[in-house]
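Some notes on the structure that comes next.
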Amino acid sequence: MTLFSDDDPALYRQEPERVAPPKRVIVGWVAIAVAVLLALVLAFVPAPFVIEQPGPVYNTLGTDQKVGAAPSDGAKPLISIPGQKTYPTKGSLDLLTVSLVGNPEQRPSWVEIVGAWFQPSKAVLPIDSVFPPGTTTEQSNAQNAALMVDSQQDAIAAALNQLGYTFPEHVAVKQLIPKTPAAGVLKVGDEITSVNGTTVSSVDELRNAVKANGAEKAAELGIVRDGAATTVSLTPTESQGQVVLGIGAGMDYTFPFDVKIQLNDVGGPSAGQMFALGIMDKLTPGSLNGGKRVAGTGTIDNTGQIGPIGGIRQKMYAARDEGEAAYFLAPASNCDEVTGHIPAGLQVFAVKTLSDSLKVLEAVRDGSSTADLPTCPAG
């Protein structure tokens, strides 16, 4: 038995007082935890966006290798015209591409998205605006490959028309959409020659004629089926704000000679303008660009009309940085996206037709003033 006297120190021994950490310490640890969690989210959680960035550049006057690549023994002329007299070319007429980071199967991380937001040469887009819901990467690639083939054919037609060649060309029904006005009236392969008596010689002219007719009002279409001309009546409807017949229309051509375009792993219709200019340069004496480096983009139809494209900001950076071009041919309908975003050192001309582009190239070649030529303002 242990006894303690009143003055024994053990009687007065106390446990040390536990002091709570300051609130600022707790807040600090919480902030660190949130930052770590946010970093993990940014690093590993996929974002519902894709990133557009400058892609490879190709010289239509050169080979199928991208500009800046080491020469290869397997390189082929990007444009070749066998059996026809062609002429030496100089400089470049560059076509431009856009690379896409992300797809429905593998979306970019938030770290990549945040980084892209702060780079003027890149664009962040909702994934659904690039890949409509239900569209796989494989399906998108197939669609873009088909658009590339069509754009090459339209570019050949535009170039040959500009040079004065004549050849059979007509608007044709390529696809029928079920349960639309055209189903049961038109057939795949039908040539469409007129709408309400107005001749149509391009898909754009057909589209404009149908729009002028309006929805819910019968239109008279002149067609050629199996070599026989006839007229059919059908009533366009409205779909997604547009007046439509319910067909996929395209052009059929019978060219007077072969023009071969060699470009793999590039899709979409936006190289049409530069293909046409490259073909013309090879078929005519001299140099369209005076030996200078010129880049451009834009869809084209057989009549030489140049249309808008996507990713034009990224293409301007590719033109300047990869192709080292000082001149850029842009569709006039893209100027709203160009103004205020032109990289330093690049002069951007607004063109609506192939003839407009040739006027720009003439001024560049001759070293004459370009002050009177339409441009996309620098902003």
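Just remember, in the structure tokens the first chain shown is A, the second B, etc., residues are 1-based per chain, and ligands are 1-based in the order shown.
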So that I can see what lies close to region 253-268 of chain A, please list as a ChimeraX atom specification the residues with an atom at most 10 Å from it, counting only C-alpha atoms and leaving out residues fewer than 4 positions away in the same chain.
/A:56,58,60,63-66,75-84,96-99,140-154,156-157,160,165-171,272,275,279,299,302,309-310
So that I can see what lies close to Gln162 (chain A), please list as JSON, numbers by chain the residues with an atom at most 12 Å from it, counting only C-alpha atoms and leaving out residues fewer than 6 positions away in the same chain.
{"A": [155, 156, 276, 277, 279, 280, 281, 283, 284, 301, 302, 303, 304, 305, 353, 354, 355, 356, 357, 358]}
Residue selection dump (all heavy atoms) as a short mmCIF file (atom, residue, chain, number, x, y, z; two decimals), in the first residue's frame:
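out-v1.cif written:
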data_model
loop_
_atom_site.label_atom_id
_atom_site.label_comp_id
_atom_site.auth_asym_id
_atom_site.auth_seq_id
_atom_site.Cartn_x
_atom_site.Cartn_y
_atom_site.Cartn_z
N ALA A 155 -12.04 20.53 -107.47
CA ALA A 155 -10.89 21.39 -107.74
C ALA A 155 -10.38 21.20 -109.16
O ALA A 155 -10.03 22.16 -109.85
CB ALA A 155 -9.77 21.09 -106.74
N ILE A 156 -10.34 19.95 -109.61
CA ILE A 156 -9.92 19.68 -111.00
C ILE A 156 -10.87 20.37 -111.97
O ILE A 156 -10.45 21.03 -112.93
CB ILE A 156 -9.87 18.16 -111.26
CG1 ILE A 156 -8.80 17.49 -110.39
CG2 ILE A 156 -9.60 17.88 -112.74
CD1 ILE A 156 -8.87 15.98 -110.39
N ALA A 276 -6.84 23.51 -106.82
CA ALA A 276 -7.15 24.13 -108.12
C ALA A 276 -6.01 25.03 -108.58
O ALA A 276 -5.61 24.99 -109.76
CB ALA A 276 -8.46 24.93 -108.02
N LEU A 277 -5.47 25.83 -107.68
CA LEU A 277 -4.37 26.72 -108.05
C LEU A 277 -3.11 25.93 -108.42
O LEU A 277 -2.39 26.28 -109.35
CB LEU A 277 -4.06 27.69 -106.90
CG LEU A 277 -5.13 28.74 -106.61
CD1 LEU A 277 -4.81 29.50 -105.32
CD2 LEU A 277 -5.27 29.71 -107.78
N ILE A 279 -3.00 22.92 -109.73
CA ILE A 279 -3.23 22.33 -111.05
C ILE A 279 -3.01 23.37 -112.15
O ILE A 279 -2.34 23.12 -113.16
CB ILE A 279 -4.67 21.75 -111.14
CG1 ILE A 279 -4.81 20.56 -110.20
CG2 ILE A 279 -5.01 21.35 -112.57
CD1 ILE A 279 -6.24 20.14 -109.95
N MET A 280 -3.56 24.57 -111.95
CA MET A 280 -3.42 25.63 -112.94
C MET A 280 -1.95 26.02 -113.12
O MET A 280 -1.49 26.27 -114.24
CB MET A 280 -4.24 26.85 -112.53
CG MET A 280 -5.74 26.63 -112.57
SD MET A 280 -6.65 28.14 -112.19
CE MET A 280 -6.18 29.17 -113.57
N ASP A 281 -1.21 26.09 -112.01
CA ASP A 281 0.20 26.48 -112.10
C ASP A 281 0.99 25.47 -112.93
O ASP A 281 1.87 25.84 -113.71
CB ASP A 281 0.79 26.61 -110.70
CG ASP A 281 1.98 27.56 -110.67
OD1 ASP A 281 2.40 28.03 -111.74
OD2 ASP A 281 2.47 27.86 -109.57
N LEU A 283 -0.18 23.59 -115.32
CA LEU A 283 -0.65 23.53 -116.70
C LEU A 283 -0.38 24.81 -117.50
O LEU A 283 -0.69 24.87 -118.69
CB LEU A 283 -2.15 23.22 -116.74
CG LEU A 283 -2.56 21.77 -116.44
CD1 LEU A 283 -4.07 21.66 -116.32
CD2 LEU A 283 -2.02 20.81 -117.50
N THR A 284 0.18 25.83 -116.85
CA THR A 284 0.41 27.10 -117.53
C THR A 284 1.87 27.52 -117.41
O THR A 284 2.52 27.25 -116.39
CB THR A 284 -0.49 28.20 -116.95
OG1 THR A 284 -0.31 28.26 -115.53
CG2 THR A 284 -1.96 27.91 -117.24
N ASP A 301 -16.12 24.91 -105.66
CA ASP A 301 -16.99 24.09 -106.50
C ASP A 301 -16.54 24.21 -107.94
O ASP A 301 -15.58 24.91 -108.26
CB ASP A 301 -18.47 24.48 -106.32
CG ASP A 301 -18.82 25.85 -106.89
OD1 ASP A 301 -17.97 26.47 -107.57
OD2 ASP A 301 -19.95 26.31 -106.66
N ASN A 302 -17.21 23.51 -108.83
CA ASN A 302 -16.76 23.43 -110.22
C ASN A 302 -16.82 24.77 -110.94
O ASN A 302 -16.13 24.98 -111.93
CB ASN A 302 -17.59 22.39 -110.98
CG ASN A 302 -19.08 22.71 -110.95
OD1 ASN A 302 -19.65 22.93 -109.89
ND2 ASN A 302 -19.73 22.68 -112.11
N THR A 303 -17.62 25.71 -110.41
CA THR A 303 -17.69 27.03 -111.03
C THR A 303 -16.64 27.99 -110.48
O THR A 303 -16.57 29.15 -110.91
CB THR A 303 -19.09 27.65 -110.83
OG1 THR A 303 -19.30 27.93 -109.44
CG2 THR A 303 -20.18 26.70 -111.32
N GLY A 304 -15.83 27.54 -109.50
CA GLY A 304 -14.79 28.38 -108.94
C GLY A 304 -15.20 29.18 -107.73
O GLY A 304 -14.44 30.04 -107.27
N GLN A 305 -16.39 28.93 -107.18
CA GLN A 305 -16.82 29.62 -105.97
C GLN A 305 -16.08 29.06 -104.76
O GLN A 305 -16.02 27.84 -104.58
CB GLN A 305 -18.34 29.46 -105.78
CG GLN A 305 -19.18 30.05 -106.90
CD GLN A 305 -19.06 31.55 -106.98
OE1 GLN A 305 -19.14 32.26 -105.98
NE2 GLN A 305 -18.89 32.06 -108.20
N THR A 353 -13.86 33.92 -105.21
CA THR A 353 -13.81 33.07 -106.40
C THR A 353 -12.36 32.77 -106.75
O THR A 353 -11.43 33.43 -106.28
CB THR A 353 -14.48 33.75 -107.61
OG1 THR A 353 -13.70 34.90 -107.97
CG2 THR A 353 -15.91 34.17 -107.29
N LEU A 354 -12.20 31.79 -107.62
CA LEU A 354 -10.86 31.47 -108.11
C LEU A 354 -10.25 32.65 -108.86
O LEU A 354 -9.04 32.89 -108.78
CB LEU A 354 -10.95 30.23 -109.02
CG LEU A 354 -9.65 29.53 -109.39
CD1 LEU A 354 -8.85 29.14 -108.17
CD2 LEU A 354 -9.95 28.29 -110.25
N SER A 355 -11.07 33.41 -109.55
CA SER A 355 -10.58 34.61 -110.24
C SER A 355 -10.01 35.62 -109.26
O SER A 355 -9.00 36.27 -109.53
CB SER A 355 -11.71 35.25 -111.06
OG SER A 355 -12.13 34.39 -112.10
N ASP A 356 -10.65 35.77 -108.08
CA ASP A 356 -10.12 36.66 -107.05
C ASP A 356 -8.73 36.22 -106.61
O ASP A 356 -7.82 37.04 -106.45
CB ASP A 356 -11.05 36.67 -105.82
CG ASP A 356 -12.39 37.33 -106.08
OD1 ASP A 356 -12.50 38.07 -107.07
OD2 ASP A 356 -13.32 37.08 -105.29
N SER A 357 -8.56 34.93 -106.43
CA SER A 357 -7.27 34.40 -105.98
C SER A 357 -6.19 34.64 -107.02
O SER A 357 -5.04 34.96 -106.69
CB SER A 357 -7.39 32.90 -105.68
OG SER A 357 -8.34 32.67 -104.66
N LEU A 358 -6.55 34.49 -108.29
CA LEU A 358 -5.58 34.72 -109.36
C LEU A 358 -5.14 36.18 -109.41
O LEU A 358 -3.99 36.48 -109.72
CB LEU A 358 -6.17 34.27 -110.70
CG LEU A 358 -6.38 32.75 -110.84
CD1 LEU A 358 -7.17 32.44 -112.11
CD2 LEU A 358 -5.04 32.02 -110.86
#
Let's see if you can do this: from backbone DSSP, list all strand (DSSP E or B) residues in region 105-304 of chain A, as a compact mmCIF listing (two decimals) with C-alpha atoms, in the first residue's frame.
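Listing of states-v1.txt after writing:
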# COMPACT_ATOMS: atom_id res chain seq x y z
CA GLN A 106 -10.17 9.26 -75.99
CA SER A 109 -7.62 15.85 -69.96
CA ALA A 123 -9.00 26.40 -80.05
CA VAL A 124 -11.11 24.49 -77.54
CA LEU A 125 -14.39 23.15 -78.95
CA PRO A 126 -17.24 21.13 -77.43
CA GLU A 169 -20.34 17.92 -115.86
CA HIS A 170 -23.66 17.72 -114.12
CA VAL A 171 -25.39 17.65 -110.74
CA ALA A 172 -26.37 14.13 -109.77
CA VAL A 173 -28.37 12.41 -107.05
CA LYS A 174 -25.84 10.52 -104.93
CA GLN A 175 -28.08 9.53 -102.04
CA LEU A 176 -31.79 9.34 -101.26
CA ALA A 183 -38.00 9.26 -101.97
CA LEU A 186 -35.94 10.57 -107.77
CA GLU A 191 -28.98 14.13 -113.29
CA ILE A 192 -30.69 17.34 -112.10
CA THR A 193 -30.57 19.94 -114.85
CA SER A 194 -32.99 22.64 -113.69
CA VAL A 195 -35.33 23.84 -110.95
CA THR A 198 -33.64 27.67 -114.10
CA THR A 199 -30.57 25.71 -115.16
CA ALA A 219 -40.97 22.55 -107.44
CA GLU A 220 -40.50 21.35 -111.03
CA LEU A 221 -37.18 19.57 -111.49
CA GLY A 222 -35.68 18.88 -114.89
CA ILE A 223 -33.80 15.58 -114.76
CA VAL A 224 -32.06 13.13 -117.05
CA ARG A 225 -32.62 9.45 -116.22
CA ALA A 228 -33.83 10.47 -121.28
CA ALA A 229 -34.83 14.00 -120.21
CA THR A 230 -38.02 14.47 -118.23
CA THR A 231 -39.59 16.68 -115.56
CA VAL A 232 -40.72 15.63 -112.09
CA SER A 233 -42.59 17.52 -109.40
CA LEU A 234 -41.88 17.34 -105.70
CA THR A 237 -39.68 20.55 -96.81
CA GLU A 238 -37.87 22.44 -94.07
CA SER A 239 -35.27 20.64 -91.97
CA GLN A 242 -33.10 24.79 -94.38
CA VAL A 243 -35.29 23.98 -97.39
CA VAL A 244 -34.38 20.49 -98.60
CA ILE A 247 -31.15 13.98 -101.34
CA GLY A 248 -27.40 13.93 -101.16
CA ALA A 249 -26.28 15.76 -104.31
CA GLY A 250 -22.86 15.74 -105.90
CA MET A 251 -21.11 16.39 -109.18
CA ASP A 252 -20.27 13.92 -111.94
CA TYR A 253 -17.44 14.83 -114.33
CA LYS A 260 -3.85 12.72 -110.07
CA ILE A 261 -3.71 14.12 -106.54
CA ARG A 293 5.50 31.31 -100.65
CA VAL A 294 1.73 31.62 -100.59
CA ALA A 295 -0.70 29.64 -98.44
CA GLY A 296 -4.46 29.40 -98.46
CA THR A 299 -13.66 24.82 -100.37
CA ILE A 300 -14.30 25.18 -104.08
Give me every alpha helix (DSSP H) residue in region 87-122 of chain A, going by DSSP on the backbone, as a PyMOL selection string.
chain A and resi 110-117
For the residues in that selection, give me all heavy atoms as a JSON list (two decimals), in the first residue's frame.
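Final output, saved to part_9.json:
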[["chain", "number", "residue", "atom", "x", "y", "z"],
["A", 110, "TRP", "N", -8.30, 17.70, -68.56],
["A", 110, "TRP", "CA", -8.53, 19.10, -68.27],
["A", 110, "TRP", "C", -7.22, 19.89, -68.28],
["A", 110, "TRP", "O", -7.21, 21.09, -68.56],
["A", 110, "TRP", "CB", -9.24, 19.25, -66.92],
["A", 110, "TRP", "CG", -10.71, 18.98, -67.03],
["A", 110, "TRP", "CD1", -11.37, 17.85, -66.68],
["A", 110, "TRP", "CD2", -11.70, 19.88, -67.53],
["A", 110, "TRP", "NE1", -12.72, 17.98, -66.93],
["A", 110, "TRP", "CE2", -12.95, 19.21, -67.45],
["A", 110, "TRP", "CE3", -11.67, 21.18, -68.03],
["A", 110, "TRP", "CZ2", -14.14, 19.80, -67.85],
["A", 110, "TRP", "CZ3", -12.87, 21.78, -68.44],
["A", 110, "TRP", "CH2", -14.07, 21.09, -68.34],
["A", 111, "VAL", "N", -6.10, 19.23, -67.94],
["A", 111, "VAL", "CA", -4.80, 19.91, -68.00],
["A", 111, "VAL", "C", -4.53, 20.36, -69.44],
["A", 111, "VAL", "O", -4.10, 21.50, -69.67],
["A", 111, "VAL", "CB", -3.68, 18.96, -67.52],
["A", 111, "VAL", "CG1", -2.31, 19.55, -67.85],
["A", 111, "VAL", "CG2", -3.78, 18.74, -66.01],
["A", 112, "GLU", "N", -4.79, 19.48, -70.41],
["A", 112, "GLU", "CA", -4.58, 19.84, -71.81],
["A", 112, "GLU", "C", -5.52, 20.95, -72.25],
["A", 112, "GLU", "O", -5.13, 21.86, -72.99],
["A", 112, "GLU", "CB", -4.77, 18.60, -72.68],
["A", 112, "GLU", "CG", -3.73, 17.52, -72.48],
["A", 112, "GLU", "CD", -4.06, 16.25, -73.24],
["A", 112, "GLU", "OE1", -5.05, 15.59, -72.87],
["A", 112, "GLU", "OE2", -3.33, 15.92, -74.20],
["A", 113, "ILE", "N", -6.76, 20.88, -71.78],
["A", 113, "ILE", "CA", -7.75, 21.90, -72.15],
["A", 113, "ILE", "C", -7.35, 23.27, -71.60],
["A", 113, "ILE", "O", -7.36, 24.28, -72.32],
["A", 113, "ILE", "CB", -9.15, 21.51, -71.63],
["A", 113, "ILE", "CG1", -9.66, 20.24, -72.34],
["A", 113, "ILE", "CG2", -10.14, 22.65, -71.83],
["A", 113, "ILE", "CD1", -9.82, 20.38, -73.83],
["A", 114, "VAL", "N", -6.97, 23.32, -70.33],
["A", 114, "VAL", "CA", -6.58, 24.59, -69.71],
["A", 114, "VAL", "C", -5.36, 25.17, -70.43],
["A", 114, "VAL", "O", -5.29, 26.38, -70.70],
["A", 114, "VAL", "CB", -6.30, 24.40, -68.21],
["A", 114, "VAL", "CG1", -5.68, 25.66, -67.62],
["A", 114, "VAL", "CG2", -7.59, 24.05, -67.46],
["A", 115, "GLY", "N", -4.40, 24.30, -70.76],
["A", 115, "GLY", "CA", -3.21, 24.77, -71.47],
["A", 115, "GLY", "C", -3.55, 25.35, -72.83],
["A", 115, "GLY", "O", -2.99, 26.37, -73.25],
["A", 116, "ALA", "N", -4.50, 24.73, -73.53],
["A", 116, "ALA", "CA", -4.88, 25.19, -74.87],
["A", 116, "ALA", "C", -5.59, 26.53, -74.83],
["A", 116, "ALA", "O", -5.47, 27.33, -75.76],
["A", 116, "ALA", "CB", -5.77, 24.15, -75.55],
["A", 117, "TRP", "N", -6.33, 26.79, -73.76],
["A", 117, "TRP", "CA", -7.07, 28.05, -73.64],
["A", 117, "TRP", "C", -6.13, 29.27, -73.69],
["A", 117, "TRP", "O", -6.54, 30.35, -74.10],
["A", 117, "TRP", "CB", -7.88, 28.08, -72.34],
["A", 117, "TRP", "CG", -9.30, 27.64, -72.52],
["A", 117, "TRP", "CD1", -10.11, 27.92, -73.58],
["A", 117, "TRP", "CD2", -10.07, 26.85, -71.61],
["A", 117, "TRP", "NE1", -11.35, 27.34, -73.39],
["A", 117, "TRP", "CE2", -11.36, 26.68, -72.19],
["A", 117, "TRP", "CE3", -9.82, 26.28, -70.38],
["A", 117, "TRP", "CZ2", -12.37, 25.97, -71.56],
["A", 117, "TRP", "CZ3", -10.83, 25.56, -69.75],
["A", 117, "TRP", "CH2", -12.08, 25.41, -70.34]]
